[in-house]
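Student: The structure is given below, and queries will be raised subsequently.
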Amino acid sequence: MSKEEVRQKLGNPISTAAQGRTEYYIYNSKPAGRIAPFPGEKWDDYYVRFVDGSVESFGKNGDFDSTKTPTLRIETNERKDIHIKDSGDLYTELKKLKELKDSGIITEDEFASRKREILKKY
């Protein structure tokens, strides 16, 4: 995911930092319009780390360069075909399709194509 795509999804960061090929966008979990947390509530900063302009990792303060065991994410160009079960209900099928798009499982183009297919059935 590019920096522009992150900005489109999360908005502008509260601050940025960079060192060499690595850049951080810093966001805060503070709800819009709130001035202070409720008693016992904590607002955490969270980060998106880019290397050479692409998302490399993300997490809360302390997640980077910590003693936690790193996880490994492997991406391939292979895409598995995602099927939406035919519920017989236009609303339900479109809702499931939108959830796939909103969660980033399918692209905007895939969403538009599948939406046309669903609408043709009804």
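All residue names refer to the structure tokens as shown: chains lettered A, B, ... in order, residues numbered from 1 in each chain, ligands numbered from 1 in order.
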Please provide as a VMD selection string all residues within 12 Å of region 32-43 of chain A, with the sequence filter that same-chain residues fewer than 3 positions apart are discarded (counting only C-alpha atoms).

Tutor: chain A and resid 27 to 29 46 60 to 61

Student: So which residues touch Glu5 (chain A) within 10 Å, counting only C-alpha atoms, skipping near sequence neighbours fewer than 6 positions away, as JSON, numbers by chain?

Tutor: {"A": [11, 54, 55]}

Student: Please, what distance in Å, to one decimal, runs between CA of Leu94 (chain A) and CA of Leu119 (chain A)?

Tutor: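 Going from CA of Leu94 (chain A) over to CA of Leu119 (chain A) covers 8.8 Å.
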
Student: Hey, can you check how far CA of Thr22 (chain A) sits from CA of Phe50 (chain A)?

Tutor: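 It comes out at 5.6 Å.
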